Structures are given as C-alpha cells and as structure tokens.
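Trainee: One structure, pasted below without further comment.
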Amino acid sequence: MNKYNCCFHNHTVLSPCADITMTPEIYNDILSSSSIDWISITDHNSAENMYSFNFQLNKIGIKLIPGIEVQTSEEVHIIIYFKYIKECIKFSKIIENTLIIKNYDPEKLGYQILVDEKSEFIDIKSSPYLGSSSNLTVEEVYNLSKKFKSIIYPAHIFRAFGLIYQLGLPLELDFDAVEVKNEDELIKAQKLGYKRFIYGNDSHFPDQLKNPSCILECESRTFDELKKSLYNGKVKPVWPH
Ligand SMILES: [Zn+2]
Ligand SMILES: [Zn+2]
C-alpha cells in the first residue's frame, strides 16, 4: 500500500470566482514545492481547461482526477469525478447547455479564462456564465452522472451552496461520499447517516493549493483506487486545509 498526499476540489482561472493567477504555471510552481502528489480539478460547471492542466501537471508527476462542480437548480454544489478526461468533457458540454444564465458581464462577475498547454491565455469564455445554476435538479445530475463512469458527491454540505445548508435534510440518493470541512462537520454528517467522506481544499487562490486536504492509502493513483479508498475508509482528512 502507498500513501498519497491529495489536494482535491480545486478551481482554475476558468471559474469566474477563482483568482486570475490560478494558471497551470502557478499550479506547477506551488505543487512542485509541496508534498502533494494527487489532485483534482473541479471548475464550476465546465471542464474546458482540463487537458491544458493535465499536460502541465504530467511534467511534474502530479496525477489528476478530472472533475466538475455542478451548481444544480436548487443551488446545490455537486462534484463529479471521471475516469477519463474525454468523459469529463462530454459531461461538461451537457451541463454547459443547461446553464440558466447565458450572457454576463465579466467586469462585474469575474473572468472565465481558457488557457492552452503552455499556460497562455487563449480566450475569455463569454457564454454561458459558469457561476449560473443548471436547470437540472440534484437528482437529475445524479442520474446523468450514473450514465458515465463517475464518482459523485455533494460539496461542502454544511456551507453556502452545500446540500444540507440549502435543503435542510439529506436526499435518498446514494452518493459515493460527502465533503466536510472540519471535525465538527464530520460528526454532524455521521449523525445524518453518511458513511463515506472526502475532504477538499476548494482552492480559489494559489495559497490554498499548498497543503494536502487528505491522505489516501491505496495501490496507485487511479480513479478506481480512489473509489475503493472511499468505500474502504482509506481517505483520511488533514485539518485544517
Ligand atoms: Zn462549491
Ligand atoms: Zn468549489
């Protein structure tokens, strides 16, 4: 068994609320001087920067789980991970088409920046607004994700845009995990009946990328091993992150 330092749930320059410095270059600078060896990228409602980040991260030996953080019609944030980037992009295109707000003012709401493999800005994505909600419900996003090889879990469940914060009670959906942010939230989630947990940095700024949010004990850094670790209780939190 190996132990991996993980930094899960991170945003890039594509997310309108993320810092404009969250480029592949900055990721590589920070991660290469940290103990982290496995990360996920989960921009809001899109995965369009995934190939560029993966290309750069490969150079420094960091493994990437491709993902997306969907905002449902109930304004609940749900994270979905995929085995392959190709599948993640396919899912992302479906979600982008369901976003309610098409046009927006980047000056007011933040830039959605597309980067290439060299970390250079290619374009500003002008539509749709990635901070928008999808017209799909939590249940519809859940069902859609099941058509893909995916891992699905609600993000920061007790915080703004979290499942419990927004809806008050858990849903009858068998999520692969729930994301909690500290020991108290972990206990609260256990009392609600949740049994599998994941811990993410939810990085929007470079400083938040420096420290692992959890340690995984598994054979290798693959999607299947991550899923196995979630179900075997092998994902251990690192507080605070
Ligand atoms: Zn979120
Ligand atoms: Zn997030």
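Each chain of the structure tokens is named A, B, ... in the order shown, its residues numbered from 1; ligands are numbered from 1 in display order.
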What do you get as a list of chain:residue names if you pick all residues at most 7 Å from ligand 1, counting only C-alpha atoms and all ligand atoms?
Mentor: A:Glu69, A:His77, A:Ala155, A:His156, A:Phe161
Trainee: I need the residues from that last selection saved to file as a tab-separated table (two decimals), in the first residue's frame (with N, CA and C atoms), if you can.
Mentor:
```tsv
chain	number	residue	atom	x	y	z
A	69	GLU	N	-17.62	20.84	-10.82
A	69	GLU	CA	-18.51	21.16	-9.70
A	69	GLU	C	-19.78	21.78	-10.30
A	77	HIS	N	-24.12	22.57	-4.73
A	77	HIS	CA	-22.89	22.21	-5.45
A	77	HIS	C	-22.61	20.71	-5.33
A	155	ALA	N	-20.68	18.78	-2.39
A	155	ALA	CA	-19.55	19.54	-1.84
A	155	ALA	C	-19.98	20.31	-0.59
A	156	HIS	N	-19.00	20.59	0.27
A	156	HIS	CA	-19.18	21.44	1.47
A	156	HIS	C	-20.64	21.47	1.96
A	161	PHE	N	-24.30	26.96	-0.50
A	161	PHE	CA	-24.38	26.12	-1.69
A	161	PHE	C	-24.14	24.63	-1.39
```
Trainee: Return as a ChimeraX atom specification the residues of protein, DNA or RNA that approach ligand 2 to within 8 Å, with only C-alpha atoms and all ligand atoms taken into account.
Mentor: /A:9-11,42-44,69,77,155,202-204
Trainee: Tell me, which residues of range 48-221 of chain A carry DSSP strand (DSSP E), written as an NGL selection string?
Mentor: :A and (63-71 or 77-82 or 113-115 or 121-124 or 150-154 or 178-179 or 197-198 or 200-203 or 214-218)
Trainee: Pull C-alpha atoms from the residues just selected and write them as a compact mmCIF listing (two decimals), in the first residue's frame.
Mentor:
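Everything below was put into out04.txt:
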```txt
# COMPACT_ATOMS: atom_id res chain seq x y z
CA LYS A 63 -1.77 12.82 -11.11
CA LEU A 64 -5.06 14.46 -11.99
CA ILE A 65 -8.62 13.29 -11.39
CA PRO A 66 -10.75 15.17 -13.93
CA GLY A 67 -13.89 16.64 -12.41
CA ILE A 68 -16.53 19.33 -12.39
CA GLU A 69 -18.51 21.16 -9.70
CA VAL A 70 -22.09 21.47 -10.92
CA GLN A 71 -24.50 24.03 -9.46
CA HIS A 77 -22.89 22.21 -5.45
CA ILE A 78 -22.23 18.65 -6.56
CA ILE A 79 -18.81 17.31 -7.54
CA ILE A 80 -18.40 14.59 -10.13
CA TYR A 81 -15.12 12.86 -10.96
CA PHE A 82 -14.46 10.88 -14.11
CA ILE A 113 -10.27 32.28 -18.85
CA LEU A 114 -9.30 29.47 -21.19
CA VAL A 115 -5.62 28.54 -21.22
CA PHE A 121 -4.45 32.74 -22.13
CA ILE A 122 -6.35 31.71 -25.27
CA ASP A 123 -9.68 33.36 -24.79
CA ILE A 124 -12.32 34.60 -22.38
CA SER A 150 -18.18 8.58 -12.22
CA ILE A 151 -17.77 9.33 -8.56
CA ILE A 152 -20.39 11.80 -7.31
CA TYR A 153 -20.64 13.66 -4.03
CA PRO A 154 -22.15 16.87 -2.65
CA VAL A 178 -19.92 13.81 1.14
CA GLU A 179 -17.41 16.63 1.54
CA PHE A 197 -16.24 11.18 3.40
CA ILE A 198 -13.93 13.26 1.27
CA GLY A 200 -11.18 19.10 -0.40
CA ASN A 201 -9.38 22.41 -0.32
CA ASP A 202 -11.90 24.16 -2.60
CA SER A 203 -8.95 26.29 -3.74
CA CYS A 214 -6.45 14.36 2.74
CA ILE A 215 -4.19 11.33 2.64
CA LEU A 216 -5.16 8.25 0.67
CA GLU A 217 -3.88 4.80 1.36
CA CYS A 218 -4.12 2.74 -1.81
```
Trainee: For Ser32 in chain A, list every protein, DNA or RNA residue within 9 Å, evaluated using only C-alpha atoms, and leave out those in the same chain fewer than 5 positions away; present the list as a ChimeraX atom specification.
Mentor: /A:27,37,60-62
Trainee: Please indicate the distance in Å from CA of Ile30 in chain A to CA of Phe158 in chain A, rounded to one decimal place.
Mentor: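 Computing the Euclidean distance for CA of Ile30 in chain A and CA of Phe158 in chain A yields 28.8 Å.
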Trainee: For each of A:Ile85, A:Ala189, A:Ile20, A:Ile26, take the minimum atom-to-atom distance to Asn49 in chain A, counting only C-alpha atoms, then give the residue where this is smallest.
Mentor: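 When distances to Asn49 in chain A are compared using only C-alpha atoms, the smallest one comes from A:Ile85.
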Trainee: Quick one: everything within 9 Å of Phe91 in chain A, counting only C-alpha atoms, minus sequence neighbours fewer than 2 positions away in the same chain. Send it as a count of residues only.
Mentor: 14
Trainee: Based on DSSP run over this structure's backbone, return all residues of range 85-238 of chain A in helix (DSSP H, G or I), as a PyMOL selection string.
Mentor: chain A and resi 85-98+106-109+138-145+163-167+183-191+206-209+223-231
Trainee: Taking 3 positions as the minimum chain separation for residues in the same chain, which residues sit within 7 Å of range 16-18 of chain A when counting only C-alpha atoms? Answer as a list in words.
Mentor: His11, Thr12, Val13, Leu109, Gly110, Tyr111, Gln112, Leu130, Gly131, His204 and Phe205 of chain A
Trainee: Which distance in Å separates CA of Asn103 in chain A and CA of Ser133 in chain A, to one decimal?
Mentor: 13.0 Å
Trainee: Would you mind reading off the distance between CA of Tyr194 in chain A and CA of Val180 in chain A, one decimal, in Å?
Mentor: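 Pair CA of Tyr194 in chain A / CA of Val180 in chain A returns 10.8 Å.
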Trainee: From the set A:Glu139, A:Thr21, A:Lys210, A:Asp184, which residue has the shortest atom-to-atom contact distance to Ser119 in chain A, counting only C-alpha atoms?
Mentor: A:Thr21
Trainee: Quick one: everything within 8 Å of Gln56 in chain A, counting only C-alpha atoms, minus sequence neighbours fewer than 5 positions away in the same chain. Send it as a list in words.
Mentor: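 Skipping anything fewer than 5 positions along the chain leaves Pro24, Glu25, Asn28, Glu117 and Lys118 of chain A.
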Trainee: Using only C-alpha atoms, please write the residues we just selected to a file, as a PDB file, in the first residue's frame.
Mentor:
```pdb
ATOM      1  CA  PRO A  24      -1.247  25.773 -14.943  1.00  0.00           C
ATOM      2  CA  GLU A  25       2.095  27.521 -14.362  1.00  0.00           C
ATOM      3  CA  ASN A  28       3.068  23.632 -11.118  1.00  0.00           C
ATOM      4  CA  GLU A 117      -0.945  23.791 -22.601  1.00  0.00           C
ATOM      5  CA  LYS A 118       1.779  26.430 -22.315  1.00  0.00           C
TER       6      LYS A 118
END
```
Trainee: Compile the contact shell of Leu171 in chain A as a PyMOL selection string: residues with an atom at most 10 Å away, counting only C-alpha atoms, same-chain residues fewer than 6 positions apart removed.
Mentor: chain A and resi 138-139+163-164
Trainee: Take the residues that were just selected and, keeping C-alpha atoms, output them as a compact mmCIF listing (two decimals), in the first residue's frame.
Mentor:
```
# COMPACT_ATOMS: atom_id res chain seq x y z
CA VAL A 138 -29.64 17.31 -7.81
CA GLU A 139 -31.46 14.10 -8.68
CA LEU A 163 -26.66 20.15 0.16
CA ILE A 164 -27.69 20.30 3.82
```
